[in-house]
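File shown: protein.cif (mmCIF, C-alpha atoms).
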data_my_file
loop_
_atom_site.label_atom_id
_atom_site.label_comp_id
_atom_site.auth_asym_id
_atom_site.auth_seq_id
_atom_site.Cartn_x
_atom_site.Cartn_y
_atom_site.Cartn_z
CA MET A 1 0.00 0.00 0.00
CA ASP A 2 1.23 3.47 -0.92
CA LEU A 3 0.25 6.40 1.30
CA GLY A 4 0.06 10.04 0.32
CA THR A 5 -1.56 13.15 1.71
CA GLY A 6 -2.88 16.63 0.98
CA LEU A 7 -5.15 17.65 -0.58
CA PHE A 8 -3.81 21.18 -0.65
CA THR A 9 -6.69 23.58 -1.25
CA CYS A 10 -5.11 26.78 0.15
CA GLN A 11 -8.43 27.97 1.52
CA ARG A 12 -8.50 30.74 4.10
CA ARG A 13 -11.27 30.49 6.65
CA PRO A 14 -13.08 33.70 7.72
CA ASP A 15 -11.33 33.55 11.11
CA ASP A 16 -7.88 33.28 9.49
CA ASP A 17 -6.22 36.69 9.16
CA ARG A 18 -3.02 35.48 7.50
CA PRO A 19 -2.05 37.02 4.16
CA ARG A 20 -2.63 34.79 1.14
CA GLU A 21 1.11 34.36 0.71
CA ALA A 22 1.32 32.67 4.10
CA VAL A 23 -1.30 30.11 3.09
CA TYR A 24 0.74 29.18 0.01
CA ASP A 25 3.95 29.12 2.04
CA GLU A 26 2.18 26.66 4.35
CA MET A 27 1.52 24.36 1.40
CA LEU A 28 5.19 24.35 0.42
CA SER A 29 6.44 23.82 3.96
CA LEU A 30 4.05 20.91 4.42
CA GLY A 31 5.19 19.52 1.06
CA GLU A 32 8.73 19.42 2.45
CA VAL A 33 7.46 17.61 5.55
CA ILE A 34 5.67 15.03 3.38
CA ASP A 35 8.87 14.39 1.48
CA ASP A 36 11.03 14.17 4.60
CA ALA A 37 8.50 11.84 6.27
CA GLY A 38 8.88 9.29 3.50
CA LEU A 39 5.29 9.38 2.29
CA ASP A 40 4.61 8.48 -1.32
CA SER A 41 2.69 11.46 -2.65
CA ALA A 42 1.47 15.05 -2.18
CA TRP A 43 -1.69 16.30 -3.87
CA VAL A 44 -3.47 19.51 -4.85
CA SER A 45 -7.17 20.02 -5.48
CA GLU A 46 -8.93 22.50 -7.76
CA HIS A 47 -11.94 24.82 -7.71
CA HIS A 48 -12.59 28.32 -9.00
CA PHE A 49 -14.26 31.58 -7.97
CA ALA A 50 -14.43 30.66 -4.27
CA ASP A 51 -14.37 33.53 -1.78
CA ASP A 52 -12.04 31.60 0.52
CA GLY A 53 -9.41 31.33 -2.22
CA TYR A 54 -9.70 27.59 -2.96
CA LEU A 55 -6.68 26.66 -5.09
CA SER A 56 -7.28 27.20 -8.79
CA GLY A 57 -3.79 27.03 -10.32
CA THR A 58 -2.93 23.35 -10.14
CA MET A 59 0.11 23.26 -12.42
CA PRO A 60 1.84 26.32 -10.91
CA ALA A 61 1.25 24.83 -7.45
CA LEU A 62 2.67 21.47 -8.53
CA GLY A 63 5.69 23.16 -10.07
CA ALA A 64 6.40 24.80 -6.73
CA LEU A 65 5.84 21.53 -4.86
CA ALA A 66 8.17 19.77 -7.28
CA SER A 67 10.90 22.24 -6.36
CA ALA A 68 10.20 21.84 -2.64
CA THR A 69 10.44 18.04 -2.73
CA ASP A 70 12.81 15.36 -3.97
CA ASP A 71 11.08 12.00 -3.94
CA VAL A 72 7.29 12.13 -3.61
CA THR A 73 4.82 11.90 -6.45
CA VAL A 74 3.10 15.26 -6.95
CA GLY A 75 -0.29 15.32 -8.57
CA THR A 76 -3.76 16.70 -9.14
CA CYS A 77 -6.57 15.13 -7.21
CA ILE A 78 -8.53 16.30 -9.04
CA ALA A 79 -8.04 18.68 -12.02
CA LEU A 80 -11.27 19.74 -13.75
CA ALA A 81 -10.52 18.54 -17.26
CA PRO A 82 -13.33 20.30 -19.19
CA LEU A 83 -12.12 23.72 -18.02
CA TYR A 84 -8.69 23.32 -19.62
CA ASP A 85 -7.39 23.81 -23.10
CA ALA A 86 -6.14 20.23 -23.38
CA VAL A 87 -3.09 21.12 -25.49
CA ARG A 88 -1.97 23.74 -22.98
CA LEU A 89 -2.61 21.29 -20.14
CA ALA A 90 -0.37 18.78 -21.90
CA GLU A 91 2.43 21.37 -22.19
CA ASP A 92 2.11 22.57 -18.60
CA ALA A 93 1.91 19.06 -17.17
CA ALA A 94 4.95 17.96 -19.15
CA THR A 95 6.82 20.97 -17.77
CA VAL A 96 5.94 19.97 -14.21
CA ASP A 97 7.00 16.40 -14.93
CA LEU A 98 10.38 17.61 -16.15
CA LEU A 99 10.81 19.91 -13.15
CA SER A 100 10.02 17.02 -10.82
CA GLY A 101 12.18 14.44 -12.59
CA GLY A 102 9.22 12.32 -13.69
CA ARG A 103 7.17 12.47 -10.48
CA LEU A 104 3.86 13.80 -11.84
CA ALA A 105 0.47 12.07 -11.69
CA VAL A 106 -2.56 13.63 -13.35
CA GLY A 107 -5.99 13.03 -11.86
CA LEU A 108 -8.93 14.35 -13.88
CA SER A 109 -12.65 14.76 -13.35
CA ILE A 110 -15.61 16.13 -15.30
CA GLY A 111 -16.56 18.77 -12.69
CA TYR A 112 -19.98 19.75 -11.41
CA ARG A 113 -20.21 23.44 -10.39
CA ASP A 114 -22.37 25.52 -12.72
CA THR A 115 -20.51 28.75 -11.98
CA GLU A 116 -17.21 27.24 -13.09
CA PHE A 117 -18.59 26.14 -16.46
CA GLU A 118 -20.44 29.42 -16.98
CA ASN A 119 -17.47 31.63 -16.20
CA PHE A 120 -15.08 29.60 -18.32
CA GLY A 121 -17.56 29.65 -21.19
CA VAL A 122 -17.71 25.86 -21.35
CA PRO A 123 -21.10 24.18 -21.88
CA LYS A 124 -21.67 21.80 -19.00
CA ALA A 125 -23.28 19.36 -21.43
CA GLU A 126 -19.87 18.89 -23.05
CA ARG A 127 -18.02 17.99 -19.87
CA THR A 128 -17.79 14.24 -20.47
CA ALA A 129 -16.75 14.57 -24.09
CA ARG A 130 -14.16 17.20 -23.20
CA THR A 131 -12.70 15.01 -20.46
CA GLU A 132 -12.38 11.99 -22.72
CA GLU A 133 -10.80 14.15 -25.41
CA ALA A 134 -8.38 15.63 -22.89
CA VAL A 135 -7.11 12.14 -22.10
CA ASP A 136 -6.56 11.46 -25.81
CA VAL A 137 -4.79 14.79 -26.28
CA LEU A 138 -2.51 14.29 -23.27
CA ARG A 139 -1.45 10.86 -24.48
CA GLY A 140 -0.91 12.08 -28.02
CA ALA A 141 0.99 15.18 -26.96
CA TRP A 142 3.31 13.18 -24.70
CA SER A 143 4.04 10.49 -27.28
CA GLU A 144 7.06 10.60 -29.56
CA GLY A 145 6.42 12.57 -32.72
CA PRO A 146 3.27 14.45 -33.69
CA LEU A 147 0.03 14.66 -31.75
CA GLY A 148 -1.83 12.17 -33.94
CA VAL A 149 -5.20 13.31 -32.56
CA ASP A 150 -7.75 15.55 -34.28
CA PRO A 151 -9.61 17.04 -31.30
CA GLU A 152 -13.12 18.42 -31.58
CA PHE A 153 -12.61 21.16 -29.02
CA HIS A 154 -9.20 22.48 -30.10
CA ALA A 155 -8.28 23.45 -33.64
CA ILE A 156 -4.82 21.94 -33.98
CA ASP A 157 -3.20 20.08 -36.84
CA PRO A 158 -2.77 16.41 -35.81
CA GLU A 159 0.69 16.54 -37.39
CA THR A 160 1.81 19.15 -34.85
CA THR A 161 4.46 17.99 -32.41
CA VAL A 162 3.61 19.28 -28.96
CA THR A 163 6.58 20.12 -26.74
CA PRO A 164 8.03 19.61 -24.25
CA LYS A 165 7.73 15.88 -23.82
CA PRO A 166 7.58 14.71 -20.19
CA ALA A 167 10.46 12.94 -18.49
CA ASP A 168 8.22 9.90 -18.16
CA ASP A 169 4.63 9.20 -19.18
CA PRO A 170 2.65 10.61 -16.23
CA PRO A 171 -0.19 8.30 -15.21
CA ILE A 172 -3.65 9.67 -15.94
CA PHE A 173 -6.40 8.62 -13.59
CA LEU A 174 -10.05 9.59 -13.42
CA GLY A 175 -12.31 10.25 -10.46
CA GLY A 176 -16.00 9.76 -9.78
CA ALA A 177 -18.38 7.38 -8.06
CA ALA A 178 -21.17 6.96 -10.62
CA LYS A 179 -21.07 3.84 -12.79
CA PRO A 180 -20.35 5.75 -16.06
CA ALA A 181 -17.44 7.58 -14.40
CA VAL A 182 -15.99 4.40 -12.95
CA ARG A 183 -16.26 2.54 -16.24
CA ARG A 184 -14.78 5.51 -18.09
CA ALA A 185 -11.75 5.27 -15.83
CA ALA A 186 -11.54 1.52 -16.48
CA ARG A 187 -11.61 2.04 -20.26
CA ILE A 188 -9.37 5.06 -20.82
CA GLY A 189 -7.47 5.72 -17.60
CA ASP A 190 -4.37 4.40 -15.93
CA GLY A 191 -6.29 4.39 -12.68
CA TRP A 192 -9.44 5.33 -10.80
CA CYS A 193 -9.81 7.52 -7.73
CA ALA A 194 -12.50 6.65 -5.18
CA PRO A 195 -13.99 9.75 -3.54
CA SER A 196 -14.01 9.98 0.22
CA SER A 197 -17.80 9.71 0.34
CA LEU A 198 -17.68 6.03 -0.60
CA SER A 199 -17.68 3.31 2.03
CA LEU A 200 -15.23 0.44 1.82
CA ASP A 201 -18.01 -1.75 0.42
CA GLY A 202 -18.79 0.92 -2.17
CA VAL A 203 -15.16 1.12 -3.25
CA GLN A 204 -14.85 -2.66 -3.40
CA LYS A 205 -17.91 -3.03 -5.64
CA ARG A 206 -16.56 -0.44 -8.05
CA VAL A 207 -13.09 -2.00 -8.13
CA GLU A 208 -14.69 -5.34 -8.98
CA ASP A 209 -16.61 -3.64 -11.79
CA ILE A 210 -13.41 -2.03 -13.09
CA ARG A 211 -11.61 -5.37 -13.17
CA ARG A 212 -14.55 -6.98 -14.94
CA VAL A 213 -14.71 -4.23 -17.58
CA ARG A 214 -10.97 -4.34 -18.23
CA ASP A 215 -11.03 -8.13 -18.47
CA GLU A 216 -14.01 -8.16 -20.85
CA GLU A 217 -12.44 -5.54 -23.11
CA GLY A 218 -8.98 -7.11 -23.03
CA LEU A 219 -7.31 -4.07 -21.47
CA ASP A 220 -3.83 -4.88 -20.22
CA GLY A 221 -1.28 -2.80 -18.39
CA ASP A 222 -0.99 -1.35 -14.93
CA PHE A 223 -4.09 0.16 -13.37
CA GLN A 224 -3.82 2.01 -10.07
CA VAL A 225 -6.67 2.33 -7.57
CA TYR A 226 -6.50 5.50 -5.48
CA VAL A 227 -8.67 5.85 -2.39
CA ILE A 228 -9.31 9.22 -0.76
CA LYS A 229 -10.07 9.28 2.96
CA HIS A 230 -10.16 12.10 5.49
CA GLY A 231 -8.15 11.49 8.62
CA PHE A 232 -5.61 12.48 11.23
CA VAL A 233 -3.07 10.99 13.63
CA GLY A 234 -2.85 11.99 17.28
CA ASP A 235 -2.07 10.73 20.76
CA SER A 236 -5.64 9.47 21.14
CA ARG A 237 -8.70 8.93 18.98
CA GLU A 238 -10.61 11.86 20.45
CA GLY A 239 -7.51 14.04 20.46
CA ALA A 240 -7.00 13.47 16.74
CA TRP A 241 -10.68 14.17 16.12
CA GLU A 242 -10.64 17.41 18.11
CA THR A 243 -7.67 18.66 16.10
CA MET A 244 -9.11 17.94 12.66
CA ARG A 245 -12.81 18.50 13.33
CA GLU A 246 -13.33 22.21 12.67
CA GLY A 247 -11.19 22.28 9.53
CA TYR A 248 -12.84 19.09 8.29
CA PHE A 249 -16.34 20.43 8.89
CA TYR A 250 -15.40 23.71 7.22
CA LEU A 251 -14.34 21.83 4.08
CA GLN A 252 -17.52 19.81 4.08
CA ARG A 253 -19.71 22.90 4.52
CA ARG A 254 -18.14 24.45 1.46
CA TYR A 255 -18.62 21.32 -0.63
CA ALA A 256 -22.24 21.12 0.57
CA GLU A 257 -22.84 24.72 -0.48
CA TRP A 258 -21.54 24.00 -3.97
CA TYR A 259 -23.62 20.86 -4.35
CA GLU A 260 -26.79 22.42 -2.96
CA GLY A 261 -26.38 25.87 -4.48
CA GLU A 262 -27.08 27.79 -1.27
CA PRO A 263 -25.23 28.78 1.93
CA VAL A 264 -24.77 26.11 4.59
CA ASP A 265 -24.08 27.76 7.94
CA GLU A 266 -23.98 24.52 9.91
CA LEU A 267 -23.98 20.84 9.09
CA SER A 268 -26.76 18.83 10.67
CA GLU A 269 -25.97 16.61 13.63
CA ASP A 270 -26.67 13.55 11.48
CA ARG A 271 -24.26 14.78 8.82
CA ARG A 272 -21.57 15.51 11.40
CA ALA A 273 -21.93 12.02 12.82
CA GLU A 274 -21.79 10.52 9.33
CA LEU A 275 -18.61 12.43 8.52
CA LYS A 276 -16.98 11.33 11.74
CA ARG A 277 -17.82 7.69 11.01
CA GLY A 278 -16.30 7.98 7.54
CA ALA A 279 -12.97 9.46 8.65
CA VAL A 280 -9.80 7.54 9.55
CA PHE A 281 -8.32 9.03 12.70
CA GLY A 282 -6.81 8.17 16.05
CA THR A 283 -3.52 6.80 17.31
CA PRO A 284 -1.06 5.44 14.75
CA ASN A 285 -2.16 1.89 15.55
CA GLU A 286 -5.83 2.79 15.09
CA VAL A 287 -5.11 4.43 11.73
CA VAL A 288 -3.05 1.43 10.63
CA ALA A 289 -5.88 -0.93 11.56
CA GLU A 290 -8.44 1.01 9.52
CA LEU A 291 -6.18 1.38 6.50
CA ALA A 292 -5.31 -2.31 6.67
CA GLU A 293 -8.98 -3.11 6.08
CA TYR A 294 -8.72 -1.37 2.71
CA GLY A 295 -5.63 -3.36 1.83
CA GLU A 296 -7.30 -6.62 2.78
CA ALA A 297 -10.40 -5.82 0.72
CA LEU A 298 -8.79 -4.20 -2.32
CA GLY A 299 -5.25 -5.56 -2.46
CA ASP A 300 -1.91 -4.30 -1.23
CA ASP A 301 -1.25 -2.30 -4.40
CA ILE A 302 -3.77 0.46 -3.65
CA HIS A 303 -2.69 4.07 -3.14
CA VAL A 304 -4.43 5.72 -0.20
CA ILE A 305 -4.61 9.52 -0.21
CA LEU A 306 -5.30 10.42 3.41
CA ARG A 307 -6.51 14.01 3.52
CA THR A 308 -4.80 15.67 6.48
CA TYR A 309 -4.79 19.26 5.17
CA TYR A 310 -7.56 21.20 6.91
CA PRO A 311 -7.86 24.98 6.58
CA GLY A 312 -7.15 26.89 9.74
CA ILE A 313 -6.13 24.11 12.14
CA GLY A 314 -2.50 25.22 12.23
CA THR A 315 0.61 24.36 10.25
CA ASP A 316 2.36 22.77 13.21
CA ALA A 317 -0.53 20.39 13.91
CA MET A 318 -0.65 19.23 10.30
CA ALA A 319 3.14 18.86 10.11
CA GLU A 320 3.19 16.74 13.26
CA CYS A 321 0.43 14.51 11.87
CA ILE A 322 2.40 14.01 8.65
CA ARG A 323 5.57 13.14 10.53
CA ARG A 324 3.71 10.55 12.57
CA LEU A 325 2.26 9.05 9.41
CA GLY A 326 5.79 8.58 8.14
CA ASP A 327 7.34 7.43 11.40
CA GLU A 328 4.57 5.32 12.92
CA VAL A 329 2.02 4.39 10.23
CA VAL A 330 3.99 3.75 7.03
CA PRO A 331 6.36 1.17 8.57
CA GLN A 332 3.37 -0.92 9.66
CA LEU A 333 1.74 -0.76 6.24
#

Using the file provided, produce a representation of the structure as structure tokens.
Amino acid sequence: MDLGTGLFTCQRRPDDDRPREAVYDEMLSLGEVIDDAGLDSAWVSEHHFADDGYLSGTMPALGALASATDDVTVGTCIALAPLYDAVRLAEDAATVDLLSGGRLAVGLSIGYRDTEFENFGVPKAERTARTEEAVDVLRGAWSEGPLGVDPEFHAIDPETTVTPKPADDPPIFLGGAAKPAVRRAARIGDGWCAPSSLSLDGVQKRVEDIRRVRDEEGLDGDFQVYVIKHGFVGDSREGAWETMREGYFYLQRRYAEWYEGEPVDELSEDRRAELKRGAVFGTPNEVVAELAEYGEALGDDIHVILRTYYPGIGTDAMAECIRRLGDEVVPQL
């Protein structure tokens, strides 16, 4: 089992009076801690037009993280594929891969927020087609020689050679929980990312479906399963929960607002309890035990992305959690 963390969103809560620069410095300092701790990966997330400054520039952020680290995979979890010019994304991603020495992973999703599609001038009805085309364009752009793809949404000669080429072929994985999204990942991706909202049973059913689809269609090659979970490591279960809780609930309120299209001042008690049940937190041994259940159910080759970045809970608290993941959790996994 591989273990990574993030997801860096660079949000600034209303009670956080730090300048924006300090929030981005926090991301880079935590990236260094992730690398030093011996974890496998560090991840950024993407949204746009959020009043708390949710990270929008994934490739610039990954370029900076690449410079701040030496060994970890750096990647998008998730980049909103329909909002990109796919050719430019291919160039920028290849640049990050070169800067990192071949450590880039590209996670893509179709997106869901109306305001993002409207303000980028992208019809939401085209989001699936644009995502599938983006995968084709990335692969073509990174291959030796010309693009070899005639995209519908970008007027480019297929004989054009897109540069630079990456140091290595970055894996492209797709997110989503719905059956079409999961099967899309099985067909055209190098991996699938399970969202944190899914239970272990839900992830297992989808992984079984992926394996069945790939077997039926004769798709060979490596295929990586990524699993996102929220969590934290502390001296005790309740201590870990107390540290992560407010930042975790803040994140979930924002996501709820975007899904529901209206302000969410407080999460219901039932929702809070549900979120607590779904998180992986506690002492190192308790975290190991919960993560081991995923390995037993899905196989030891999964890549868990344990979200430990929570806006406003303090850089030192997050850094200490990351160090304990490296020192006390990873060796047992």

- Residues matched by the PyMOL selection byres ((chain A and resi 116) around 12), written as a list in words: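 For this structure, the PyMOL selection byres ((chain A and resi 116) around 12) captures Glu46, His47, His48, Phe49, Ala50, Ser56, Leu80, Ala81, Pro82, Leu83, Tyr84, Ile110, Gly111, Tyr112, Arg113, Asp114, Thr115, Phe117, Glu118, Asn119, Phe120, Gly121, Val122, Pro123, Lys124, Arg127 and Trp258 of chain A.
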
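Look at range 208-225 of chain A: the protein and nucleic acid residues within 6 Å of it, using all atoms listed in the file and passing over chain neighbours fewer than 5 places away, are Ala186, Asp190, Gly191, Trp192 and Ile302 of chain A.
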
Filtering to C-alpha atoms, could you give me those residues as a CSV table (one decimal), keeping the file's coordinate frame?
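result_25.csv was written with the following content:
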chain,number,residue,atom,x,y,z
A,186,ALA,CA,-11.5,1.5,-16.5
A,190,ASP,CA,-4.4,4.4,-15.9
A,191,GLY,CA,-6.3,4.4,-12.7
A,192,TRP,CA,-9.4,5.3,-10.8
A,302,ILE,CA,-3.8,0.5,-3.6

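CA of Leu62 in chain A is positioned 23.6 Å from CA of Val330 in chain A.
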
- Item | Option closest in space to Glu133 in chain A, from A:Gly176, A:Thr161, A:Asp85, A:Thr315 [counting only C-alpha atoms] |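 Closest to Glu133 in chain A of all the choices is A:Asp85.
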
- Query: What does the distance between CA of Val162 in chain A and CA of Gly145 in chain A come to in Å, to one decimal place?
  - Reply: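 Straight-line distance from CA of Val162 in chain A to CA of Gly145 in chain A works out to 8.2 Å.
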
- Task: Taking the file as shown, find all residues satisfying the PyMOL selection byres ((chain A and resi 307) around 6) and write them as a PyMOL selection string.
- Result: chain A and resi 5-7+229-231+306+308-309

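Under the PyMOL selection byres ((chain A and resi 59) around 10), the matching residues in the shown file are Val44, Ser56, Gly57, Thr58, Pro60, Ala61, Leu62, Gly63, Ala64, Leu65, Gly75, Thr76, Ala79, Leu89, Asp92, Ala93, Ala94, Thr95 and Val96 of chain A.
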